[in-house]
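Next comes start.pdb, a file with PDB, C-alpha atoms, pLDDT in the B column.
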```pdb
MODEL        1
ATOM      1  CA  MET A   1       0.000   0.000   0.000  1.00 37.00           C
ATOM      2  CA  THR A   2       1.271   3.449  -0.827  1.00 46.00           C
ATOM      3  CA  THR A   3       1.694   6.117   1.816  1.00 49.00           C
ATOM      4  CA  PRO A   4      -1.059   8.769   1.709  1.00 54.00           C
ATOM      5  CA  THR A   5       0.159  12.152   0.539  1.00 58.00           C
ATOM      6  CA  THR A   6      -0.664  15.464   2.162  1.00 61.00           C
ATOM      7  CA  PHE A   7      -1.597  18.092  -0.410  1.00 62.00           C
ATOM      8  CA  SER A   8      -0.806  21.740   0.304  1.00 65.00           C
ATOM      9  CA  ALA A   9      -3.497  23.376  -1.849  1.00 71.00           C
ATOM     10  CA  LEU A  10      -7.032  21.975  -1.567  1.00 63.00           C
ATOM     11  CA  THR A  11     -10.474  23.067  -2.668  1.00 69.00           C
ATOM     12  CA  PRO A  12     -12.473  24.402   0.311  1.00 66.00           C
ATOM     13  CA  ARG A  13     -15.519  22.133   0.126  1.00 66.00           C
ATOM     14  CA  HIS A  14     -14.293  18.630  -0.689  1.00 61.00           C
ATOM     15  CA  GLY A  15     -10.532  18.968  -0.282  1.00 68.00           C
ATOM     16  CA  LEU A  16      -9.669  18.183  -3.897  1.00 69.00           C
ATOM     17  CA  PRO A  17      -5.966  18.761  -4.632  1.00 70.00           C
ATOM     18  CA  THR A  18      -5.294  21.723  -6.920  1.00 71.00           C
ATOM     19  CA  LEU A  19      -2.416  22.358  -9.288  1.00 69.00           C
ATOM     20  CA  LEU A  20       0.119  25.068  -8.586  1.00 71.00           C
ATOM     21  CA  PRO A  21       1.980  27.096 -11.229  1.00 72.00           C
ATOM     22  CA  GLY A  22       4.912  25.063 -12.537  1.00 73.00           C
ATOM     23  CA  GLN A  23       3.596  21.912 -10.845  1.00 71.00           C
ATOM     24  CA  VAL A  24       5.573  18.740 -11.502  1.00 73.00           C
ATOM     25  CA  GLN A  25       3.860  15.357 -11.633  1.00 76.00           C
ATOM     26  CA  LYS A  26       0.529  16.949 -12.530  1.00 75.00           C
ATOM     27  CA  GLU A  27      -0.993  13.544 -13.224  1.00 74.00           C
ATOM     28  CA  PHE A  28      -0.594  12.609  -9.542  1.00 71.00           C
ATOM     29  CA  PHE A  29      -2.684  15.585  -8.417  1.00 71.00           C
ATOM     30  CA  VAL A  30      -5.259  15.243 -11.193  1.00 74.00           C
ATOM     31  CA  ASN A  31      -5.676  11.504 -10.578  1.00 73.00           C
ATOM     32  CA  GLU A  32      -6.142  12.098  -6.835  1.00 73.00           C
ATOM     33  CA  ALA A  33      -8.800  14.730  -7.552  1.00 73.00           C
ATOM     34  CA  LEU A  34     -10.589  12.382  -9.975  1.00 73.00           C
ATOM     35  CA  ALA A  35     -10.534   9.556  -7.395  1.00 74.00           C
ATOM     36  CA  ARG A  36     -12.180  11.827  -4.821  1.00 73.00           C
ATOM     37  CA  ILE A  37     -14.739  13.115  -7.330  1.00 75.00           C
ATOM     38  CA  ASP A  38     -15.554   9.511  -8.247  1.00 72.00           C
ATOM     39  CA  ALA A  39     -16.254   8.721  -4.577  1.00 72.00           C
ATOM     40  CA  LEU A  40     -18.228  11.900  -3.845  1.00 74.00           C
ATOM     41  CA  LEU A  41     -20.326  12.397  -6.985  1.00 76.00           C
ATOM     42  CA  HIS A  42     -23.675  10.768  -6.186  1.00 79.00           C
ATOM     43  CA  PRO A  43     -22.097   8.680  -3.405  1.00 86.00           C
ATOM     44  CA  GLU A  44     -23.238   5.116  -2.870  1.00 90.00           C
ATOM     45  CA  VAL A  45     -21.814   3.316   0.151  1.00 94.00           C
ATOM     46  CA  GLU A  46     -22.112  -0.280   1.264  1.00 95.00           C
ATOM     47  CA  GLY A  47     -22.885   0.686   4.864  1.00 95.00           C
ATOM     48  CA  ILE A  48     -21.107   1.871   7.989  1.00 95.00           C
ATOM     49  CA  ALA A  49     -18.155  -0.049   9.436  1.00 95.00           C
ATOM     50  CA  ALA A  50     -15.347   0.425  11.951  1.00 96.00           C
ATOM     51  CA  ASP A  51     -12.895  -1.883  10.164  1.00 94.00           C
ATOM     52  CA  PRO A  52     -12.040  -1.990   6.459  1.00 95.00           C
ATOM     53  CA  PRO A  53     -13.429  -5.056   4.685  1.00 94.00           C
ATOM     54  CA  ILE A  54     -10.807  -7.629   3.702  1.00 91.00           C
ATOM     55  CA  ASP A  55     -12.261  -8.322   0.253  1.00 92.00           C
ATOM     56  CA  ALA A  56     -13.254  -4.844  -0.962  1.00 92.00           C
ATOM     57  CA  SER A  57     -13.771  -4.377  -4.703  1.00 91.00           C
ATOM     58  CA  PRO A  58     -12.373  -1.361  -6.570  1.00 88.00           C
ATOM     59  CA  GLY A  59     -14.898   1.475  -6.352  1.00 87.00           C
ATOM     60  CA  GLU A  60     -16.443   0.175  -3.124  1.00 92.00           C
ATOM     61  CA  CYS A  61     -17.182   2.901  -0.560  1.00 93.00           C
ATOM     62  CA  TRP A  62     -18.034   2.811   3.156  1.00 96.00           C
ATOM     63  CA  ILE A  63     -18.931   5.321   5.840  1.00 96.00           C
ATOM     64  CA  VAL A  64     -16.260   5.000   8.517  1.00 97.00           C
ATOM     65  CA  ALA A  65     -17.722   4.486  12.005  1.00 96.00           C
ATOM     66  CA  GLU A  66     -16.645   6.910  14.743  1.00 94.00           C
ATOM     67  CA  ALA A  67     -14.910   4.089  16.655  1.00 93.00           C
ATOM     68  CA  ALA A  68     -12.782   3.070  13.655  1.00 94.00           C
ATOM     69  CA  THR A  69      -9.646   0.970  13.954  1.00 91.00           C
ATOM     70  CA  GLY A  70      -6.691  -0.098  11.820  1.00 91.00           C
ATOM     71  CA  GLU A  71      -6.269   1.763   8.541  1.00 92.00           C
ATOM     72  CA  TRP A  72      -9.481   3.687   9.242  1.00 95.00           C
ATOM     73  CA  LEU A  73      -8.330   5.022  12.633  1.00 95.00           C
ATOM     74  CA  GLU A  74      -8.953   8.795  12.945  1.00 94.00           C
ATOM     75  CA  HIS A  75     -11.216   8.846   9.853  1.00 96.00           C
ATOM     76  CA  GLY A  76     -14.571   8.494  11.673  1.00 95.00           C
ATOM     77  CA  GLY A  77     -17.507   9.907   9.698  1.00 95.00           C
ATOM     78  CA  GLU A  78     -15.563  10.095   6.438  1.00 95.00           C
ATOM     79  CA  ILE A  79     -16.280   8.167   3.257  1.00 94.00           C
ATOM     80  CA  ALA A  80     -13.607   5.536   2.573  1.00 94.00           C
ATOM     81  CA  ALA A  81     -13.232   4.580  -1.102  1.00 90.00           C
ATOM     82  CA  TRP A  82     -11.172   1.549  -2.200  1.00 90.00           C
ATOM     83  CA  ASP A  83      -9.371   1.948  -5.531  1.00 84.00           C
ATOM     84  CA  GLY A  84      -7.921  -1.564  -5.618  1.00 84.00           C
ATOM     85  CA  VAL A  85      -4.650  -0.487  -3.970  1.00 85.00           C
ATOM     86  CA  GLN A  86      -5.431   1.899  -1.120  1.00 86.00           C
ATOM     87  CA  TRP A  87      -8.243   3.654   0.749  1.00 92.00           C
ATOM     88  CA  THR A  88      -8.994   7.268  -0.129  1.00 88.00           C
ATOM     89  CA  PHE A  89     -10.754   9.179   2.652  1.00 91.00           C
ATOM     90  CA  CYS A  90     -13.179  11.986   1.818  1.00 88.00           C
ATOM     91  CA  ALA A  91     -14.664  14.237   4.466  1.00 89.00           C
ATOM     92  CA  PRO A  92     -18.385  14.796   3.837  1.00 91.00           C
ATOM     93  CA  ALA A  93     -19.788  18.298   3.457  1.00 87.00           C
ATOM     94  CA  SER A  94     -22.888  19.516   5.258  1.00 85.00           C
ATOM     95  CA  GLY A  95     -25.995  18.713   3.218  1.00 84.00           C
ATOM     96  CA  MET A  96     -24.402  15.733   1.449  1.00 87.00           C
ATOM     97  CA  GLN A  97     -26.511  12.640   0.873  1.00 90.00           C
ATOM     98  CA  ALA A  98     -25.307   9.093   0.333  1.00 93.00           C
ATOM     99  CA  PHE A  99     -27.291   6.053  -0.753  1.00 93.00           C
ATOM    100  CA  VAL A 100     -26.605   3.283   1.771  1.00 94.00           C
ATOM    101  CA  ARG A 101     -26.959  -0.087   0.051  1.00 92.00           C
ATOM    102  CA  SER A 102     -27.287  -2.112   3.278  1.00 92.00           C
ATOM    103  CA  SER A 103     -30.433  -0.213   4.329  1.00 89.00           C
ATOM    104  CA  GLY A 104     -31.674   0.871   0.888  1.00 89.00           C
ATOM    105  CA  SER A 105     -32.059   4.468   2.069  1.00 88.00           C
ATOM    106  CA  LEU A 106     -30.534   7.918   1.695  1.00 89.00           C
ATOM    107  CA  TRP A 107     -28.512   9.187   4.642  1.00 91.00           C
ATOM    108  CA  ASN A 108     -27.915  12.901   5.151  1.00 88.00           C
ATOM    109  CA  PHE A 109     -24.814  14.539   6.585  1.00 90.00           C
ATOM    110  CA  GLY A 110     -25.223  17.441   9.006  1.00 84.00           C
ATOM    111  CA  ALA A 111     -23.402  17.306  12.329  1.00 83.00           C
ATOM    112  CA  GLY A 112     -22.848  13.632  11.442  1.00 90.00           C
ATOM    113  CA  TRP A 113     -24.487  10.980   9.279  1.00 92.00           C
ATOM    114  CA  ASN A 114     -28.234  10.748   9.911  1.00 87.00           C
ATOM    115  CA  ALA A 115     -30.208   7.677   8.941  1.00 86.00           C
ATOM    116  CA  PRO A 116     -33.907   8.186   8.270  1.00 80.00           C
ATOM    117  CA  GLU A 117     -36.376   6.720  10.728  1.00 78.00           C
ATOM    118  CA  LYS A 118     -39.941   5.750  10.038  1.00 76.00           C
ATOM    119  CA  PRO A 119     -42.517   7.480  12.205  1.00 74.00           C
ATOM    120  CA  PRO A 120     -44.661   5.120  14.254  1.00 71.00           C
ATOM    121  CA  LEU A 121     -47.972   4.067  12.778  1.00 72.00           C
ATOM    122  CA  PRO A 122     -50.964   5.802  14.356  1.00 68.00           C
ATOM    123  CA  ALA A 123     -52.796   3.949  17.110  1.00 69.00           C
ATOM    124  CA  GLY A 124     -55.853   4.607  19.253  1.00 69.00           C
ATOM    125  CA  GLY A 125     -58.752   6.852  18.364  1.00 67.00           C
ATOM    126  CA  THR A 126     -62.213   6.005  17.112  1.00 65.00           C
ATOM    127  CA  THR A 127     -63.717   4.257  14.098  1.00 64.00           C
ATOM    128  CA  VAL A 128     -63.539   7.505  12.103  1.00 65.00           C
ATOM    129  CA  ASP A 129     -59.750   7.352  12.482  1.00 74.00           C
ATOM    130  CA  ALA A 130     -59.512   4.081  10.505  1.00 75.00           C
ATOM    131  CA  GLU A 131     -59.404   5.942   7.176  1.00 75.00           C
ATOM    132  CA  ALA A 132     -56.759   8.337   8.488  1.00 80.00           C
ATOM    133  CA  ARG A 133     -54.647   5.403   9.716  1.00 80.00           C
ATOM    134  CA  ASP A 134     -54.907   3.679   6.331  1.00 82.00           C
ATOM    135  CA  THR A 135     -53.901   6.901   4.569  1.00 82.00           C
ATOM    136  CA  LEU A 136     -50.889   7.435   6.840  1.00 85.00           C
ATOM    137  CA  ALA A 137     -49.810   3.793   6.427  1.00 85.00           C
ATOM    138  CA  SER A 138     -50.023   4.205   2.627  1.00 84.00           C
ATOM    139  CA  LEU A 139     -48.012   7.430   2.812  1.00 86.00           C
ATOM    140  CA  ILE A 140     -45.293   5.785   4.923  1.00 85.00           C
ATOM    141  CA  ALA A 141     -45.149   2.849   2.486  1.00 82.00           C
ATOM    142  CA  ALA A 142     -44.782   5.255  -0.452  1.00 78.00           C
ATOM    143  CA  LEU A 143     -41.998   7.189   1.312  1.00 81.00           C
ATOM    144  CA  SER A 144     -40.244   3.900   2.040  1.00 77.00           C
ATOM    145  CA  ALA A 145     -40.478   2.878  -1.619  1.00 67.00           C
ATOM    146  CA  ALA A 146     -38.978   6.264  -2.591  1.00 66.00           C
ATOM    147  CA  GLY A 147     -35.974   5.684  -0.319  1.00 69.00           C
ATOM    148  CA  ILE A 148     -36.924   8.381   2.196  1.00 77.00           C
ATOM    149  CA  PHE A 149     -37.451   5.767   4.923  1.00 76.00           C
ATOM    150  CA  PRO A 150     -35.722   2.388   5.044  1.00 73.00           C
ATOM    151  CA  PRO A 151     -37.814  -0.539   3.796  1.00 66.00           C
ATOM    152  CA  ASP A 152     -39.421  -2.957   6.268  1.00 65.00           C
TER     153      ASP A 152
ENDMDL
END
```

Encoded form using structure tokens:
Amino acid sequence: MTTPTTFSALTPRHGLPTLLPGQVQKEFFVNEALARIDALLHPEVEGIAADPPIDASPGECWIVAEAATGEWLEHGGEIAAWDGVQWTFCAPASGMQAFVRSSGSLWNFGAGWNAPEKPPLPAGGTTVDAEARDTLASLIAALSAAGIFPPD
């Protein structure tokens, strides 16, 4: 595995490396920026994990758990992308969304990653409330199908 490089000039939002006047080895900086763009453009992650998977496929991404260990130590909350050789870590920006394959839902990033939660189904009331309960249950099912809430 190669040693991660620290870049001196980065874009403010996603930390993409930028070229400097007279830059040597431009391809190194451009390829690093493209790798990060590939991970962050419409991100799709497998799930959240504290340890890197042993058999990751190139292009596979994960949200690093806060209590990460090993290669992921000190990268909690970041997106880890495997390129076939090494992990690239990308810090999420506020407002970012990622599709989480393990839950089939969109997670939002604010002060941390937030998974959607289904509201509880209505209970109690009178006979007149039966239609309202059916309507709310249908609405929740539709929001689940749209990826707003995780499926059952």

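Residue nearest A:Ala98, chosen from A:Ala68, A:Ala49, A:Leu41, A:Ala142 and counting all atoms listed in the file: A:Leu41.
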
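Around the coordinate (-19.7, 16.8, 9.0), residues that reach within 12 Å when counting all atoms listed in the file are Arg13, His14, Ile63, Glu66, His75, Gly76, Gly77, Glu78, Ile79, Cys90, Ala91, Pro92, Ala93, Ser94, Gly95, Met96, Gln97, Asn108, Phe109, Gly110, Ala111, Gly112, Trp113 and Asn114 of chain A.
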
Neighbours of A:Leu106 within 12 Å (only C-alpha atoms; same-chain residues fewer than 4 positions away dropped), as a PyMOL selection string?
chain A and resi 42-47+95-102+113-117+143-151

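The two atoms in question, atom CA of A:Trp62 and atom CA of A:Val85, are spaced 15.5 Å apart.
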
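You will find atom CA of A:Trp87 at 14.0 Å from atom CA of A:Ile37.
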
Quick check, in Å to one decimal: how far apart do atom CA of A:Ser105 and atom CA of A:Trp82 lie?
21.5 Å

Within 12 Å of A:Asn31, counting only C-alpha atoms, which residues qualify if same-chain residues fewer than 5 places away don't, as JSON, numbers by chain?
{"A": [16, 17, 18, 19, 25, 26, 36, 37, 38, 83, 88]}

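Closest approach to A:Pro58 among A:Ala33, A:Gln86, A:Leu40, A:Leu73 is made by A:Gln86 (distances from all atoms listed in the file).
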
Counting only C-alpha atoms, which of A:Asp51, A:Glu32, A:Glu131, A:Glu27 gets nearest to A:Ala65?
A:Asp51

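Proximity to A:Ser138 was assessed for A:Ala9, A:Ala39, A:Leu121, A:Ala80 counting all atoms listed in the file; the smallest distance is recorded for A:Leu121.
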
Running the PyMOL selection byres ((chain A and resi 52) around 8) on this model by hand, what would come out? Give it as a PyMOL selection string.
chain A and resi 49-51+53-54+70-72

Provide stretch 52-85 of chain A rebuilt to N, CA and C atoms, formatted as an mmCIF file, keeping the file's coordinate frame.
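Saved to result-v6.cif:
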```cif
data_model
loop_
_atom_site.group_PDB
_atom_site.id
_atom_site.type_symbol
_atom_site.label_atom_id
_atom_site.label_comp_id
_atom_site.auth_asym_id
_atom_site.auth_seq_id
_atom_site.Cartn_x
_atom_site.Cartn_y
_atom_site.Cartn_z
ATOM 1 N N PRO A 52 -11.949 -1.824 7.908
ATOM 2 C CA PRO A 52 -12.040 -1.990 6.459
ATOM 3 C C PRO A 52 -12.313 -3.447 6.092
ATOM 4 N N PRO A 53 -13.176 -3.679 5.101
ATOM 5 C CA PRO A 53 -13.429 -5.056 4.685
ATOM 6 C C PRO A 53 -12.178 -5.659 4.034
ATOM 7 N N ILE A 54 -11.991 -6.940 4.234
ATOM 8 C CA ILE A 54 -10.807 -7.629 3.702
ATOM 9 C C ILE A 54 -10.892 -7.802 2.185
ATOM 10 N N ASP A 55 -12.087 -8.003 1.671
ATOM 11 C CA ASP A 55 -12.261 -8.322 0.253
ATOM 12 C C ASP A 55 -12.969 -7.210 -0.528
ATOM 13 N N ALA A 56 -12.606 -5.969 -0.284
ATOM 14 C CA ALA A 56 -13.254 -4.844 -0.962
ATOM 15 C C ALA A 56 -12.943 -4.873 -2.460
ATOM 16 N N SER A 57 -13.930 -4.480 -3.257
ATOM 17 C CA SER A 57 -13.771 -4.377 -4.703
ATOM 18 C C SER A 57 -13.426 -2.942 -5.070
ATOM 19 N N PRO A 58 -12.656 -2.738 -6.146
ATOM 20 C CA PRO A 58 -12.373 -1.361 -6.570
ATOM 21 C C PRO A 58 -13.665 -0.579 -6.793
ATOM 22 N N GLY A 59 -13.713 0.633 -6.258
ATOM 23 C CA GLY A 59 -14.898 1.475 -6.352
ATOM 24 C C GLY A 59 -15.829 1.354 -5.165
ATOM 25 N N GLU A 60 -15.591 0.378 -4.303
ATOM 26 C CA GLU A 60 -16.443 0.175 -3.124
ATOM 27 C C GLU A 60 -16.191 1.289 -2.110
ATOM 28 N N CYS A 61 -17.274 1.815 -1.533
ATOM 29 C CA CYS A 61 -17.182 2.901 -0.560
ATOM 30 C C CYS A 61 -17.922 2.513 0.725
ATOM 31 N N TRP A 62 -17.446 3.048 1.843
ATOM 32 C CA TRP A 62 -18.034 2.811 3.156
ATOM 33 C C TRP A 62 -18.035 4.107 3.935
ATOM 34 N N ILE A 63 -18.992 4.252 4.848
ATOM 35 C CA ILE A 63 -18.931 5.321 5.840
ATOM 36 C C ILE A 63 -18.142 4.753 7.008
ATOM 37 N N VAL A 64 -17.116 5.464 7.427
ATOM 38 C CA VAL A 64 -16.260 5.000 8.517
ATOM 39 C C VAL A 64 -16.944 5.324 9.848
ATOM 40 N N ALA A 65 -17.108 4.311 10.686
ATOM 41 C CA ALA A 65 -17.722 4.486 12.005
ATOM 42 C C ALA A 65 -16.817 5.350 12.874
ATOM 43 N N GLU A 66 -17.405 6.032 13.853
ATOM 44 C CA GLU A 66 -16.645 6.910 14.743
ATOM 45 C C GLU A 66 -15.586 6.142 15.541
ATOM 46 N N ALA A 67 -15.857 4.897 15.881
ATOM 47 C CA ALA A 67 -14.910 4.089 16.655
ATOM 48 C C ALA A 67 -14.063 3.226 15.723
ATOM 49 N N ALA A 68 -13.536 3.817 14.660
ATOM 50 C CA ALA A 68 -12.782 3.070 13.655
ATOM 51 C C ALA A 68 -11.433 2.605 14.188
ATOM 52 N N THR A 69 -10.930 1.539 13.571
ATOM 53 C CA THR A 69 -9.646 0.970 13.954
ATOM 54 C C THR A 69 -8.801 0.718 12.712
ATOM 55 N N GLY A 70 -7.576 0.273 12.924
ATOM 56 C CA GLY A 70 -6.691 -0.098 11.820
ATOM 57 C C GLY A 70 -6.451 1.054 10.859
ATOM 58 N N GLU A 71 -6.501 0.751 9.568
ATOM 59 C CA GLU A 71 -6.269 1.763 8.541
ATOM 60 C C GLU A 71 -7.270 2.915 8.610
ATOM 61 N N TRP A 72 -8.427 2.669 9.192
ATOM 62 C CA TRP A 72 -9.481 3.687 9.242
ATOM 63 C C TRP A 72 -9.415 4.537 10.516
ATOM 64 N N LEU A 73 -8.465 4.270 11.391
ATOM 65 C CA LEU A 73 -8.330 5.022 12.633
ATOM 66 C C LEU A 73 -8.215 6.515 12.328
ATOM 67 N N GLU A 74 -8.922 7.332 13.074
ATOM 68 C CA GLU A 74 -8.953 8.795 12.945
ATOM 69 C C GLU A 74 -9.646 9.284 11.666
ATOM 70 N N HIS A 75 -10.461 8.433 11.043
ATOM 71 C CA HIS A 75 -11.216 8.846 9.853
ATOM 72 C C HIS A 75 -12.722 8.687 10.083
ATOM 73 N N GLY A 76 -13.158 8.663 11.350
ATOM 74 C CA GLY A 76 -14.571 8.494 11.673
ATOM 75 C C GLY A 76 -15.452 9.514 10.972
ATOM 76 N N GLY A 77 -16.546 9.049 10.379
ATOM 77 C CA GLY A 77 -17.507 9.907 9.698
ATOM 78 C C GLY A 77 -17.171 10.169 8.243
ATOM 79 N N GLU A 78 -15.966 9.848 7.826
ATOM 80 C CA GLU A 78 -15.563 10.095 6.438
ATOM 81 C C GLU A 78 -16.028 8.962 5.530
ATOM 82 N N ILE A 79 -16.003 9.207 4.240
ATOM 83 C CA ILE A 79 -16.280 8.167 3.257
ATOM 84 C C ILE A 79 -14.942 7.565 2.850
ATOM 85 N N ALA A 80 -14.818 6.250 2.973
ATOM 86 C CA ALA A 80 -13.607 5.536 2.573
ATOM 87 C C ALA A 80 -13.887 4.859 1.240
ATOM 88 N N ALA A 81 -13.066 5.149 0.236
ATOM 89 C CA ALA A 81 -13.232 4.580 -1.102
ATOM 90 C C ALA A 81 -12.017 3.716 -1.426
ATOM 91 N N TRP A 82 -12.246 2.471 -1.849
ATOM 92 C CA TRP A 82 -11.172 1.549 -2.200
ATOM 93 C C TRP A 82 -10.938 1.618 -3.699
ATOM 94 N N ASP A 83 -9.687 1.858 -4.097
ATOM 95 C CA ASP A 83 -9.371 1.948 -5.531
ATOM 96 C C ASP A 83 -8.693 0.696 -6.060
ATOM 97 N N GLY A 84 -8.587 -0.336 -5.233
ATOM 98 C CA GLY A 84 -7.921 -1.564 -5.618
ATOM 99 C C GLY A 84 -6.526 -1.661 -5.029
ATOM 100 N N VAL A 85 -5.987 -0.523 -4.554
ATOM 101 C CA VAL A 85 -4.650 -0.487 -3.970
ATOM 102 C C VAL A 85 -4.676 0.107 -2.567
#
```
